[in-house]
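Source file: upload.pdb (PDB, C-alpha atoms)
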```pdb
ATOM      1  CA  MET A  17      16.403   3.476  24.222
ATOM      2  CA  THR A  18      15.297   0.001  23.173
ATOM      3  CA  GLY A  19      11.765   0.792  24.280
ATOM      4  CA  ARG A  20      11.626   3.808  21.984
ATOM      5  CA  ILE A  21      12.906   1.819  19.022
ATOM      6  CA  ARG A  22      10.368  -0.915  19.703
ATOM      7  CA  ALA A  23       7.580   1.669  20.041
ATOM      8  CA  PHE A  24       8.589   3.313  16.753
ATOM      9  CA  GLY A  25       8.688  -0.085  15.050
ATOM     10  CA  ALA A  26       5.198  -0.877  16.332
ATOM     11  CA  PHE A  27       3.949   2.519  15.144
ATOM     12  CA  ALA A  28       5.537   2.124  11.705
ATOM     13  CA  TYR A  29       4.096  -1.385  11.299
ATOM     14  CA  ASP A  30       0.619  -0.232  12.322
ATOM     15  CA  PHE A  31       0.832   2.857  10.096
ATOM     16  CA  VAL A  32       2.057   1.063   6.978
ATOM     17  CA  ILE A  33       0.270  -2.264   7.308
ATOM     18  CA  GLY A  34      -2.716  -0.983   9.255
ATOM     19  CA  ASP A  35      -5.815  -3.136   9.183
ATOM     20  CA  ASP A  36      -5.256  -4.694   5.777
ATOM     21  CA  TRP A  37      -1.834  -6.023   4.809
ATOM     22  CA  TRP A  38      -3.179  -6.888   1.371
ATOM     23  CA  VAL A  39      -3.643  -3.228   0.455
ATOM     24  CA  ALA A  40      -0.139  -2.363   1.707
ATOM     25  CA  ALA A  41       1.314  -5.156  -0.435
ATOM     26  CA  ALA A  42      -0.647  -3.944  -3.474
ATOM     27  CA  VAL A  43       0.672  -0.393  -3.009
ATOM     28  CA  VAL A  44       4.252  -1.678  -2.807
ATOM     29  CA  ALA A  45       3.681  -3.753  -5.954
ATOM     30  CA  GLY A  46       2.192  -0.712  -7.697
ATOM     31  CA  LEU A  47       5.182   1.427  -6.780
ATOM     32  CA  ALA A  48       7.534  -1.257  -8.091
ATOM     33  CA  LEU A  49       5.551  -1.553 -11.325
ATOM     34  CA  THR A  50       5.563   2.224 -11.741
ATOM     35  CA  TYR A  51       9.326   2.259 -11.287
ATOM     36  CA  LEU A  52       9.802  -0.519 -13.815
ATOM     37  CA  LEU A  53       7.534   1.108 -16.381
ATOM     38  CA  ALA A  54       9.226   4.488 -15.985
ATOM     39  CA  HIS A  55      12.759   3.131 -16.256
ATOM     40  CA  ALA A  56      12.429   0.213 -18.653
ATOM     41  CA  THR A  57      10.147   1.832 -21.226
ATOM     42  CA  THR A  58       9.345   5.274 -22.538
ATOM     43  CA  VAL A  59       5.875   5.147 -20.981
ATOM     44  CA  ALA A  60       4.985   8.010 -18.650
ATOM     45  CA  ALA A  61       3.947   5.897 -15.669
ATOM     46  CA  TRP A  62       2.718   8.625 -13.295
ATOM     47  CA  TRP A  63      -0.905   7.591 -13.878
ATOM     48  CA  LEU A  64      -0.494   4.073 -12.497
ATOM     49  CA  ILE A  65      -0.534   4.944  -8.778
ATOM     50  CA  PRO A  66      -3.739   7.076  -8.896
ATOM     51  CA  VAL A  67      -5.488   4.337 -10.903
ATOM     52  CA  LEU A  68      -4.268   1.686  -8.472
ATOM     53  CA  LEU A  69      -5.437   3.680  -5.460
ATOM     54  CA  ALA A  70      -8.814   4.393  -7.057
ATOM     55  CA  GLY A  71      -9.236   0.647  -7.486
ATOM     56  CA  LEU A  72      -7.902  -0.286  -4.056
ATOM     57  CA  LEU A  73     -10.144   2.072  -2.086
ATOM     58  CA  PRO A  74     -13.442   0.296  -2.852
ATOM     59  CA  VAL A  75     -11.785  -3.103  -2.421
ATOM     60  CA  SER A  76     -10.403  -2.075   0.963
ATOM     61  CA  LEU A  77     -13.767  -0.687   2.081
ATOM     62  CA  TRP A  78     -15.561  -3.826   0.901
ATOM     63  CA  ARG A  79     -13.119  -6.037   2.817
ATOM     64  CA  ALA A  80     -13.494  -3.901   5.959
ATOM     65  CA  VAL A  81     -17.306  -3.958   5.833
ATOM     66  CA  ARG A  82     -17.353  -7.690   5.148
ATOM     67  CA  LYS A  83     -15.346  -8.386   8.332
ATOM     68  CA  HIS A  84     -18.016  -6.842  10.563
TER      69      HIS A  84
END
```

Show this structure as structure tokens.
Amino acid sequence: MTGRIRAFGAFAYDFVIGDDWWVAAAVVAGLALTYLLAHATTVAAWWLIPVLLAGLLPVSLWRAVRKH
């Protein structure tokens, strides 16, 4: 049983963090900012995540290409 839990933990870490922990951290920060904007103000904050992802994709690709 412990082996399965460890294997799932390794899978979840690799799936969420993947190759670039910076992008995962930026997505978490974007989700938190979206939550704060939606609950603390009257701003419709649905647009923040697509804009964030559109900006993160080229940054992530640039960082991946630069490593090789």

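Computed from the coordinates, the atom CA of A:Ala42 to atom CA of A:Arg79 distance equals 14.1 Å.
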
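Nearest-residue note for A:Val32: choosing from A:Thr57, A:Val44, A:Pro74, A:Leu49, the minimum distance belongs to A:Val44, counting all atoms listed in the file.
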
Please expand the PyMOL selection byres ((chain A and resi 43) around 12) into the concrete residues it hits in this file, giving the result as a list in words. Val32, Ile33, Asp36, Trp37, Trp38, Val39, Ala40, Ala41, Ala42, Val44, Ala45, Gly46, Leu47, Ala48, Leu49, Thr50, Leu64, Ile65, Pro66, Val67, Leu68, Leu69, Ala70, Gly71, Leu72, Leu73 and Ser76 of chain A

I need the residues from that last selection saved to file as an mmCIF file, in the frame of the given file (with C-alpha atoms), if you can.
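Saved the output as selection.cif:
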```cif
data_model
loop_
_atom_site.group_PDB
_atom_site.id
_atom_site.type_symbol
_atom_site.label_atom_id
_atom_site.label_comp_id
_atom_site.auth_asym_id
_atom_site.auth_seq_id
_atom_site.Cartn_x
_atom_site.Cartn_y
_atom_site.Cartn_z
ATOM 1 C CA VAL A 32 2.057 1.063 6.978
ATOM 2 C CA ILE A 33 0.270 -2.264 7.308
ATOM 3 C CA ASP A 36 -5.256 -4.694 5.777
ATOM 4 C CA TRP A 37 -1.834 -6.023 4.809
ATOM 5 C CA TRP A 38 -3.179 -6.888 1.371
ATOM 6 C CA VAL A 39 -3.643 -3.228 0.455
ATOM 7 C CA ALA A 40 -0.139 -2.363 1.707
ATOM 8 C CA ALA A 41 1.314 -5.156 -0.435
ATOM 9 C CA ALA A 42 -0.647 -3.944 -3.474
ATOM 10 C CA VAL A 44 4.252 -1.678 -2.807
ATOM 11 C CA ALA A 45 3.681 -3.753 -5.954
ATOM 12 C CA GLY A 46 2.192 -0.712 -7.697
ATOM 13 C CA LEU A 47 5.182 1.427 -6.780
ATOM 14 C CA ALA A 48 7.534 -1.257 -8.091
ATOM 15 C CA LEU A 49 5.551 -1.553 -11.325
ATOM 16 C CA THR A 50 5.563 2.224 -11.741
ATOM 17 C CA LEU A 64 -0.494 4.073 -12.497
ATOM 18 C CA ILE A 65 -0.534 4.944 -8.778
ATOM 19 C CA PRO A 66 -3.739 7.076 -8.896
ATOM 20 C CA VAL A 67 -5.488 4.337 -10.903
ATOM 21 C CA LEU A 68 -4.268 1.686 -8.472
ATOM 22 C CA LEU A 69 -5.437 3.680 -5.460
ATOM 23 C CA ALA A 70 -8.814 4.393 -7.057
ATOM 24 C CA GLY A 71 -9.236 0.647 -7.486
ATOM 25 C CA LEU A 72 -7.902 -0.286 -4.056
ATOM 26 C CA LEU A 73 -10.144 2.072 -2.086
ATOM 27 C CA SER A 76 -10.403 -2.075 0.963
#
```

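Relative to atom CA of A:Phe31, atom CA of A:Thr18 is found at 19.7 Å.
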
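With atom CA of A:Phe24 on one side and atom CA of A:Tyr51 on the other, the separation reads 28.1 Å.
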